[in-house]
file target08.txt (compact mmCIF, C-alpha atoms)
# COMPACT_ATOMS: atom_id res chain seq x y z
CA MET A 26 34.66 62.51 76.70
CA LYS A 27 33.42 63.03 73.17
CA LYS A 28 34.52 60.40 70.66
CA PHE A 29 37.55 61.46 68.62
CA SER A 30 36.70 61.83 64.95
CA ILE A 31 37.92 63.69 61.88
CA GLY A 32 35.09 65.07 59.79
CA TYR A 33 35.06 66.17 56.16
CA ARG A 34 34.99 69.85 57.17
CA THR A 35 38.13 69.35 59.27
CA LEU A 36 39.88 67.73 56.33
CA LYS A 37 38.79 70.49 53.95
CA THR A 38 40.02 73.16 56.37
CA ALA A 39 43.42 71.51 56.73
CA ILE A 40 43.83 70.90 52.99
CA GLY A 41 42.55 74.37 52.09
CA ALA A 42 44.93 76.12 54.49
CA ALA A 43 47.87 74.15 53.16
CA ILE A 44 46.97 74.92 49.53
CA ALA A 45 46.51 78.64 50.24
CA ILE A 46 49.84 78.90 52.04
CA ALA A 47 51.60 76.95 49.29
CA ILE A 48 50.20 79.28 46.59
CA ALA A 49 51.07 82.42 48.55
CA GLN A 50 54.55 81.07 49.26
CA TYR A 51 55.04 80.17 45.59
CA PHE A 52 54.35 83.79 44.60
CA GLU A 53 56.68 84.92 47.37
CA LEU A 54 54.07 87.06 49.12
CA ALA A 55 54.95 88.71 52.40
CA SER A 56 53.21 87.12 55.42
CA TYR A 57 52.20 84.21 53.18
CA ALA A 58 51.01 82.16 56.16
CA SER A 59 48.12 84.64 56.57
CA ALA A 60 46.57 83.20 53.40
CA GLY A 61 45.99 80.00 55.37
CA ILE A 62 44.26 81.94 58.16
CA LEU A 63 41.93 83.64 55.66
CA THR A 64 41.08 80.27 54.11
CA ILE A 65 40.29 78.74 57.51
CA LEU A 66 37.90 81.60 58.24
CA CYS A 67 36.04 80.98 54.97
CA VAL A 68 35.45 77.24 55.35
CA GLN A 69 31.88 77.16 56.69
CA PRO A 70 29.23 74.43 57.19
CA THR A 71 27.46 75.30 53.90
CA LYS A 72 28.29 76.78 50.49
CA LYS A 73 26.11 79.84 50.98
CA LYS A 74 27.67 80.54 54.36
CA SER A 75 31.12 80.20 52.81
CA LEU A 76 30.29 82.77 50.13
CA HIS A 77 28.79 85.09 52.73
CA ALA A 78 31.87 84.65 54.91
CA ALA A 79 34.14 85.62 52.01
CA TYR A 80 31.97 88.65 51.24
CA THR A 81 31.88 89.96 54.82
CA ARG A 82 35.61 89.40 55.28
CA PHE A 83 36.50 91.07 51.99
CA VAL A 84 34.35 94.15 52.70
CA ALA A 85 35.64 94.39 56.29
CA SER A 86 39.22 94.10 55.04
CA ILE A 87 38.75 96.89 52.50
CA VAL A 88 37.21 99.14 55.16
CA GLY A 89 40.05 98.18 57.51
CA MET A 90 42.67 99.15 54.93
CA LEU A 91 41.01 102.55 54.44
CA TYR A 92 40.89 103.18 58.19
CA ALA A 93 44.50 102.05 58.54
CA PHE A 94 45.64 104.38 55.76
CA LEU A 95 43.82 107.40 57.19
CA SER A 96 44.78 106.73 60.80
CA PHE A 97 48.41 105.71 60.43
CA GLU A 98 49.35 108.12 57.66
CA LEU A 99 47.60 111.15 59.19
CA PHE A 100 48.78 110.47 62.71
CA SER A 101 51.42 107.82 63.41
CA TYR A 102 52.15 104.13 63.55
CA HIS A 103 51.62 104.01 67.30
CA PRO A 104 49.66 101.60 69.56
CA LEU A 105 47.40 104.45 70.71
CA THR A 106 46.58 105.31 67.09
CA LEU A 107 45.78 101.66 66.49
CA ALA A 108 43.50 101.62 69.54
CA GLY A 109 41.68 104.77 68.43
CA MET A 110 41.25 103.41 64.93
CA LEU A 111 39.72 100.16 66.22
CA VAL A 112 37.28 102.15 68.39
CA LEU A 113 35.89 103.67 65.17
CA PHE A 114 36.45 100.69 62.88
CA ILE A 115 34.49 98.10 64.86
CA PRO A 116 31.20 100.10 65.00
CA THR A 117 31.60 100.81 61.29
CA ILE A 118 31.71 97.16 60.24
CA VAL A 119 28.88 96.39 62.66
CA SER A 120 26.72 99.04 60.98
CA LEU A 121 27.68 97.64 57.58
CA LYS A 122 26.65 94.16 58.82
CA VAL A 123 30.07 92.68 58.10
CA ALA A 124 31.21 92.30 61.72
CA ASP A 125 32.02 88.62 61.08
CA GLY A 126 34.96 89.86 59.03
CA PHE A 127 36.66 91.55 61.97
CA VAL A 128 39.30 88.87 62.56
CA SER A 129 40.38 88.65 58.93
CA SER A 130 40.42 92.44 58.57
CA ALA A 131 42.48 92.66 61.78
CA VAL A 132 45.08 90.42 60.12
CA ILE A 133 45.36 92.87 57.22
CA ILE A 134 45.47 95.89 59.54
CA MET A 135 48.29 94.34 61.59
CA HIS A 136 50.29 93.73 58.42
CA ILE A 137 50.01 97.42 57.58
CA TYR A 138 50.88 98.43 61.12
CA ALA A 139 53.95 96.18 61.11
CA ALA A 140 55.08 97.57 57.74
CA LYS A 141 55.12 101.13 59.19
CA GLY A 142 54.19 102.62 55.84
CA PHE A 143 51.79 102.40 52.90
CA SER A 144 53.01 101.44 49.43
CA TRP A 145 51.59 99.95 46.28
CA ALA A 146 53.61 96.79 46.90
CA LEU A 147 52.02 96.41 50.36
CA VAL A 148 48.50 96.99 49.09
CA SER A 149 48.91 94.56 46.18
CA ASN A 150 50.40 91.98 48.57
CA GLU A 151 47.35 92.23 50.87
CA PHE A 152 44.93 91.98 47.95
CA ALA A 153 46.80 88.92 46.71
CA LEU A 154 46.59 87.31 50.16
CA MET A 155 42.85 87.98 50.25
CA ALA A 156 42.31 86.62 46.75
CA ILE A 157 44.24 83.44 47.53
CA GLY A 158 42.82 82.96 51.01
CA TYR A 159 39.17 83.68 50.28
CA GLY A 160 39.31 82.07 46.84
CA THR A 161 40.77 78.85 48.19
CA GLY A 162 38.23 78.80 51.02
CA ILE A 163 35.31 79.12 48.59
CA ALA A 164 36.77 76.61 46.13
CA ILE A 165 37.52 73.97 48.76
CA ASN A 166 34.02 74.39 50.23
CA MET A 167 32.27 73.74 46.92
CA TYR A 168 32.44 70.03 47.69
CA MET A 169 29.73 68.91 50.08
CA PRO A 170 28.90 65.26 50.81
CA ASP A 171 25.48 63.96 49.77
CA ILE A 172 23.22 63.95 52.82
CA GLN A 173 20.26 62.29 51.06
CA LYS A 174 20.90 59.03 52.90
CA GLU A 175 20.89 60.79 56.27
CA LEU A 176 17.68 62.65 55.44
CA ASN A 177 16.00 59.43 54.41
CA TYR A 178 17.21 57.79 57.64
CA TYR A 179 15.47 60.50 59.67
CA ARG A 180 12.34 60.12 57.55
CA VAL A 181 12.14 56.39 58.20
CA LYS A 182 12.85 56.71 61.94
CA ILE A 183 10.25 59.45 62.38
CA GLU A 184 7.64 57.40 60.54
CA GLU A 185 8.43 54.44 62.79
CA LEU A 186 7.93 56.62 65.86
CA TYR A 187 4.58 57.92 64.60
CA SER A 188 3.50 54.37 63.83
CA LYS A 189 4.41 53.28 67.35
CA ILE A 190 2.50 56.22 68.87
CA PHE A 191 -0.71 55.38 66.99
CA LEU A 192 -0.46 51.69 67.78
CA GLU A 193 0.04 52.42 71.48
CA ILE A 194 -2.99 54.73 71.54
CA ALA A 195 -5.04 52.03 69.78
CA SER A 196 -3.88 49.49 72.36
CA TYR A 197 -4.92 51.81 75.20
CA LEU A 198 -8.38 52.35 73.70
CA ARG A 199 -8.91 48.59 73.53
CA GLN A 200 -7.44 47.60 76.90
CA GLY A 201 -8.04 50.72 78.97
CA ASP A 202 -4.46 50.64 80.28
CA THR A 203 -0.94 50.10 78.91
CA LEU A 204 2.64 50.36 80.11
CA TRP A 205 3.52 52.89 77.42
CA ASP A 206 5.70 55.73 78.78
CA GLY A 207 5.39 58.05 75.77
CA GLN A 208 9.13 58.11 75.04
CA GLU A 209 8.41 58.01 71.31
CA ILE A 210 6.97 61.51 71.44
CA ILE A 211 10.09 62.88 73.13
CA GLN A 212 12.28 61.07 70.58
CA ALA A 213 10.15 62.40 67.71
CA VAL A 214 10.58 66.00 68.89
CA LYS A 215 14.37 65.63 69.01
CA MET A 216 14.59 63.81 65.68
CA LEU A 217 12.42 66.41 63.95
CA ASN A 218 14.64 69.23 65.21
CA ASP A 219 17.79 67.42 64.03
CA ALA A 220 16.20 66.47 60.72
CA LYS A 221 15.02 70.02 59.95
CA SER A 222 18.49 71.39 60.71
CA LEU A 223 20.05 68.88 58.33
CA ALA A 224 17.49 69.58 55.60
CA PHE A 225 18.05 73.32 55.94
CA LYS A 226 21.78 72.75 55.55
CA ASP A 227 21.04 71.01 52.24
CA VAL A 228 19.15 74.11 51.05
CA GLN A 229 22.15 76.25 52.01
CA ASN A 230 24.38 74.04 49.86
CA HIS A 231 22.43 74.79 46.67
CA PHE A 232 22.50 78.30 45.22
CA THR A 233 19.30 78.00 43.16
CA ARG A 234 17.25 75.87 45.54
CA ARG A 235 14.96 77.74 47.92
CA GLN A 236 13.48 74.77 49.68
CA ASN A 237 14.09 71.09 50.29
CA ASP A 238 11.33 68.49 49.98
CA TYR A 239 12.58 66.82 53.13
CA TYR A 240 12.48 70.11 55.04
CA VAL A 241 8.85 70.62 53.97
CA TYR A 242 8.14 67.02 54.97
CA PHE A 243 9.71 67.35 58.42
CA ASP A 244 7.91 70.65 58.96
CA MET A 245 4.64 68.92 58.08
CA ARG A 246 5.40 66.12 60.54
CA GLU A 247 6.19 68.71 63.22
CA GLN A 248 2.76 70.29 62.75
CA GLN A 249 1.17 66.85 63.03
CA LEU A 250 3.10 66.10 66.22
CA GLU A 251 1.76 69.29 67.78
CA ILE A 252 -1.76 67.95 67.22
CA ILE A 253 -0.86 64.58 68.75
CA GLU A 254 0.68 66.24 71.79
CA ARG A 255 -2.38 68.44 72.22
CA VAL A 256 -5.00 65.68 72.15
CA LEU A 257 -3.06 62.82 73.72
CA PRO A 258 -3.82 63.79 77.36
CA LYS A 259 -7.55 63.78 76.60
CA ILE A 260 -7.59 60.43 74.85
CA THR A 261 -5.45 58.68 77.49
CA THR A 262 -7.52 59.85 80.47
CA LEU A 263 -10.94 58.58 79.47
CA PRO A 264 -13.11 57.96 82.57
CA VAL A 265 -14.57 54.82 80.92
CA ILE A 266 -13.95 52.84 77.75
CA VAL A 267 -17.04 53.20 75.56
CA GLN A 268 -18.03 51.48 72.31
CA GLU A 269 -16.70 54.36 70.25
CA ALA A 270 -13.21 53.64 71.58
CA GLU A 271 -13.05 50.37 69.64
CA VAL A 272 -14.03 52.14 66.42
CA VAL A 273 -11.31 54.77 66.91
CA ALA A 274 -8.81 52.05 67.86
CA ASP A 275 -9.45 50.19 64.58
CA PHE A 276 -8.88 53.38 62.63
CA LEU A 277 -5.64 54.17 64.50
CA GLN A 278 -4.44 50.58 64.06
CA ASP A 279 -4.88 50.92 60.31
CA LEU A 280 -3.27 54.37 60.25
CA GLY A 281 -0.35 53.26 62.43
CA GLU A 282 0.44 50.36 60.12
CA HIS A 283 0.61 52.63 57.07
CA VAL A 284 2.67 55.66 58.08
CA HIS A 285 4.88 56.69 55.15
CA SER A 286 6.02 59.69 53.13
CA GLY A 287 3.50 59.23 50.35
CA ASN A 288 0.17 61.01 50.19
CA THR A 289 -2.73 58.71 51.05
CA ALA A 290 -4.30 61.16 53.50
CA GLY A 291 -7.36 61.62 51.25
CA ARG A 292 -8.20 57.95 51.58
CA TYR A 293 -7.87 58.04 55.35
CA ARG A 294 -10.01 61.15 55.60
CA GLU A 295 -12.72 59.18 53.81
CA LYS A 296 -12.28 56.40 56.37
CA LEU A 297 -12.55 58.98 59.12
CA GLU A 298 -15.91 60.06 57.72
CA LEU A 299 -17.06 56.46 58.05
CA VAL A 300 -15.88 56.50 61.67
CA LYS A 301 -18.01 59.58 62.28
CA ARG A 302 -21.02 57.79 60.79
CA GLU A 303 -20.44 54.82 63.06
CA PHE A 304 -20.31 57.22 65.98
CA ALA A 305 -23.71 58.61 65.00
CA ALA A 306 -25.21 55.12 64.82
CA LEU A 307 -24.06 54.09 68.32
CA PRO A 308 -26.31 54.58 71.39
CA LEU A 309 -26.24 57.89 73.23
CA PRO A 310 -24.38 58.05 76.57
CA THR A 311 -26.31 56.87 79.59
CA ASN A 312 -24.30 58.71 82.24
CA HIS A 313 -21.95 61.65 82.69
CA GLN A 314 -18.76 59.59 82.43
CA GLU A 315 -19.83 58.05 79.12
CA PHE A 316 -20.72 61.51 77.85
CA ILE A 317 -17.23 62.84 78.73
CA ALA A 318 -15.58 59.80 77.09
CA GLN A 319 -17.63 60.12 73.90
CA ALA A 320 -17.00 63.86 73.70
CA ALA A 321 -13.23 63.32 74.11
CA LEU A 322 -13.21 60.67 71.38
CA TYR A 323 -15.22 62.83 69.01
CA GLN A 324 -12.84 65.73 69.61
CA PHE A 325 -9.97 63.35 68.96
CA ILE A 326 -11.27 62.28 65.54
CA GLU A 327 -11.86 65.92 64.62
CA GLU A 328 -8.21 66.62 65.45
CA MET A 329 -7.16 63.56 63.46
CA ASP A 330 -9.00 65.03 60.49
CA ARG A 331 -6.83 68.12 60.88
CA TYR A 332 -3.78 65.82 61.18
CA LEU A 333 -4.66 64.21 57.85
CA GLU A 334 -5.50 67.54 56.23
CA ILE A 335 -1.96 68.72 56.94
CA LYS A 336 -0.57 65.56 55.32
CA GLN A 337 -2.92 65.88 52.34
CA SER A 338 -1.36 69.23 51.43
CA PHE A 339 2.04 67.54 51.13
CA LYS A 340 2.94 66.26 47.65
CA GLY A 341 5.13 63.39 48.90
CA ILE A 342 8.83 62.54 48.63
CA LYS A 343 10.46 60.74 45.74
CA VAL A 344 12.92 58.36 47.36
CA LYS A 345 15.83 57.40 45.09
CA GLY A 346 15.40 53.93 43.68
CA LYS A 347 11.79 53.70 44.84
CA ARG A 348 8.45 54.69 43.43
CA PRO A 349 6.57 57.36 45.43
CA GLN A 350 4.18 55.80 47.93
call {"tool": "encode", "arguments": {"input": "target08.txt", "output": "structure tokens"}}
result
Amino acid sequence: MKKFSIGYRTLKTAIGAAIAIAIAQYFELASYASAGILTILCVQPTKKKSLHAAYTRFVASIVGMLYAFLSFELFSYHPLTLAGMLVLFIPTIVSLKVADGFVSSAVIIMHIYAAKGFSWALVSNEFALMAIGYGTGIAINMYMPDIQKELNYYRVKIEELYSKIFLEIASYLRQGDTLWDGQEIIQAVKMLNDAKSLAFKDVQNHFTRRQNDYYVYFDMREQQLEIIERVLPKITTLPVIVQEAEVVADFLQDLGEHVHSGNTAGRYREKLELVKREFAALPLPTNHQEFIAQAALYQFIEEMDRYLEIKQSFKGIKVKGKRPQ
């Protein structure tokens, strides 16, 4: 059973519905409780989604009122008329790309159907319910908790996982065998997915922001992980441990101990060039197995250069209270 908890969105929904109903009741609107329903439908995970929800529901409600007027007034206030109207109404709002507003528009349509007649008082009442319901939903959703701490938590955890991966590879290259099960890679994939979703939510909570530094960072780390996943099978199945393995292990040890969000990739690319020079100075392979091992290691350092190139294009993250690394 999932742990019982009350989140901020739940609280906002409850408070918003109560406020909307109280306002509608104060102005003595008919079907005042419907204002609470409209508010509930507008409280979304992000500010932009809340605005979009209000827009789609408002447009769908206007279209619904027009269909209701034409259908009920031209024909009759009968269940079959209602059914026929819905058959035409639903494809219309789908084509207008406001299908998400069907439920809220259905509330308005049912009010009209129950009233058994159109009047200015009825129309103004429905517009007032929409204004109160949608307005309260948007207003209550303007508050969003700061998720900077959560984003930074993901950043730190992902960097720790990458550090562990590099140190384990370095250990394998030195010893030829380890008990590492590769769980850090699986964890990194999941954490990156969760982190990107959270960072995207932060973008959706700012009307002028088109991207989030953390989202760019996590996307960059995801690209790097794809490289690690691609070359890991080759580096961990060397037929023999050759001299070059120790050189690569030293480089990975250094890299694994300095994984962070700052941009020092240029310095490590220079170190990688030194690794390549050391490779060139070492003796040529004497048998087929050594040749395969050396070729795999050389391919690995070429991929690591691509890994660092991806990081070098990233400007870094300014962590609150800390200087950029």
call {"tool": "residues_around", "arguments": {"input": "target08.txt", "residues": "Ile163 of chain A", "least_positions_apart": "4", "cutoff": "10 Å", "atoms": "all atoms listed in the file", "output": "number ranges by chain"}}
result
A: 41, 64, 67-69, 72-79, 157-159, 167-168
call {"tool": "write_last_selection", "arguments": {"input": "target08.txt", "atoms": "C-alpha atoms", "output": "compact mmCIF listing (two decimals), in the coordinates of the input"}}
result
# COMPACT_ATOMS: atom_id res chain seq x y z
CA GLY A 41 42.55 74.37 52.09
CA THR A 64 41.08 80.27 54.11
CA CYS A 67 36.04 80.98 54.97
CA VAL A 68 35.45 77.24 55.35
CA GLN A 69 31.88 77.16 56.69
CA LYS A 72 28.29 76.78 50.49
CA LYS A 73 26.11 79.84 50.98
CA LYS A 74 27.67 80.54 54.36
CA SER A 75 31.12 80.20 52.81
CA LEU A 76 30.29 82.77 50.13
CA HIS A 77 28.79 85.09 52.73
CA ALA A 78 31.87 84.65 54.91
CA ALA A 79 34.14 85.62 52.01
CA ILE A 157 44.24 83.44 47.53
CA GLY A 158 42.82 82.96 51.01
CA TYR A 159 39.17 83.68 50.28
CA MET A 167 32.27 73.74 46.92
CA TYR A 168 32.44 70.03 47.69
call {"tool": "residues_around", "arguments": {"input": "target08.txt", "residues": "Gly89 of chain A", "least_positions_apart": "4", "cutoff": "8 Å", "atoms": "all atoms listed in the file", "output": "ChimeraX atom specification"}}
result
/A:85,93,114,130-131,133-134
call {"tool": "closest_residue", "arguments": {"input": "target08.txt", "among": "A:Leu186, A:Ala318, A:Leu333, A:Leu111", "to": "Ala213 of chain A", "atoms": "all atoms listed in the file"}}
result
A:Leu186
call {"tool": "residues_around", "arguments": {"input": "target08.txt", "residues": "Ile46 of chain A", "least_positions_apart": "5", "cutoff": "9 Å", "atoms": "only C-alpha atoms", "output": "NGL selection string"}}
result
:A and (41 or 51 or 57-62 or 157-158)
call {"tool": "closest_residue", "arguments": {"input": "target08.txt", "among": "A:Val300, A:Val123, A:Ile253, A:Leu147", "to": "Phe191 of chain A", "atoms": "only C-alpha atoms"}}
result
A:Ile253
call {"tool": "closest_residue", "arguments": {"input": "target08.txt", "among": "A:Ile183, A:Ile260, A:Ile326, A:Met169", "to": "Val284 of chain A", "atoms": "all atoms listed in the file"}}
result
A:Ile183
call {"tool": "build_atoms", "arguments": {"input": "target08.txt", "residues": "segment 99-114 of chain A", "atoms": "N, CA and C atoms", "output": "PDB file, keeping the file's coordinate frame"}}
result
ATOM      1  N   LEU A  99      47.899 109.809  58.679  1.00  0.00           N
ATOM      2  CA  LEU A  99      47.600 111.150  59.190  1.00  0.00           C
ATOM      3  C   LEU A  99      48.193 111.381  60.573  1.00  0.00           C
ATOM      4  N   PHE A 100      48.268 110.310  61.344  1.00  0.00           N
ATOM      5  CA  PHE A 100      48.780 110.470  62.710  1.00  0.00           C
ATOM      6  C   PHE A 100      50.143 109.771  62.845  1.00  0.00           C
ATOM      7  N   SER A 101      50.130 108.529  63.278  1.00  0.00           N
ATOM      8  CA  SER A 101      51.420 107.820  63.410  1.00  0.00           C
ATOM      9  C   SER A 101      51.162 106.330  63.560  1.00  0.00           C
ATOM     10  N   TYR A 102      52.220 105.575  63.337  1.00  0.00           N
ATOM     11  CA  TYR A 102      52.150 104.130  63.550  1.00  0.00           C
ATOM     12  C   TYR A 102      52.466 103.869  65.020  1.00  0.00           C
ATOM     13  N   HIS A 103      51.451 104.087  65.854  1.00  0.00           N
ATOM     14  CA  HIS A 103      51.620 104.010  67.300  1.00  0.00           C
ATOM     15  C   HIS A 103      50.475 103.171  67.875  1.00  0.00           C
ATOM     16  N   PRO A 104      50.727 102.423  68.955  1.00  0.00           N
ATOM     17  CA  PRO A 104      49.660 101.600  69.560  1.00  0.00           C
ATOM     18  C   PRO A 104      48.402 102.398  69.905  1.00  0.00           C
ATOM     19  N   LEU A 105      48.569 103.632  70.375  1.00  0.00           N
ATOM     20  CA  LEU A 105      47.400 104.450  70.710  1.00  0.00           C
ATOM     21  C   LEU A 105      46.588 104.802  69.470  1.00  0.00           C
ATOM     22  N   THR A 106      47.283 105.043  68.359  1.00  0.00           N
ATOM     23  CA  THR A 106      46.580 105.310  67.090  1.00  0.00           C
ATOM     24  C   THR A 106      45.804 104.071  66.661  1.00  0.00           C
ATOM     25  N   LEU A 107      46.444 102.922  66.816  1.00  0.00           N
ATOM     26  CA  LEU A 107      45.780 101.660  66.490  1.00  0.00           C
ATOM     27  C   LEU A 107      44.520 101.473  67.346  1.00  0.00           C
ATOM     28  N   ALA A 108      44.638 101.758  68.636  1.00  0.00           N
ATOM     29  CA  ALA A 108      43.500 101.620  69.540  1.00  0.00           C
ATOM     30  C   ALA A 108      42.362 102.561  69.129  1.00  0.00           C
ATOM     31  N   GLY A 109      42.699 103.810  68.841  1.00  0.00           N
ATOM     32  CA  GLY A 109      41.680 104.770  68.430  1.00  0.00           C
ATOM     33  C   GLY A 109      41.007 104.379  67.126  1.00  0.00           C
ATOM     34  N   MET A 110      41.808 103.848  66.202  1.00  0.00           N
ATOM     35  CA  MET A 110      41.250 103.410  64.930  1.00  0.00           C
ATOM     36  C   MET A 110      40.255 102.276  65.117  1.00  0.00           C
ATOM     37  N   LEU A 111      40.606 101.298  65.973  1.00  0.00           N
ATOM     38  CA  LEU A 111      39.720 100.160  66.220  1.00  0.00           C
ATOM     39  C   LEU A 111      38.414 100.595  66.878  1.00  0.00           C
ATOM     40  N   VAL A 112      38.489 101.637  67.729  1.00  0.00           N
ATOM     41  CA  VAL A 112      37.280 102.150  68.390  1.00  0.00           C
ATOM     42  C   VAL A 112      36.267 102.630  67.340  1.00  0.00           C
ATOM     43  N   LEU A 113      36.765 103.199  66.244  1.00  0.00           N
ATOM     44  CA  LEU A 113      35.890 103.670  65.170  1.00  0.00           C
ATOM     45  C   LEU A 113      35.593 102.574  64.142  1.00  0.00           C
ATOM     46  N   PHE A 114      36.577 101.721  63.911  1.00  0.00           N
ATOM     47  CA  PHE A 114      36.450 100.690  62.880  1.00  0.00           C
ATOM     48  C   PHE A 114      35.399  99.637  63.229  1.00  0.00           C
TER      49      PHE A 114
END
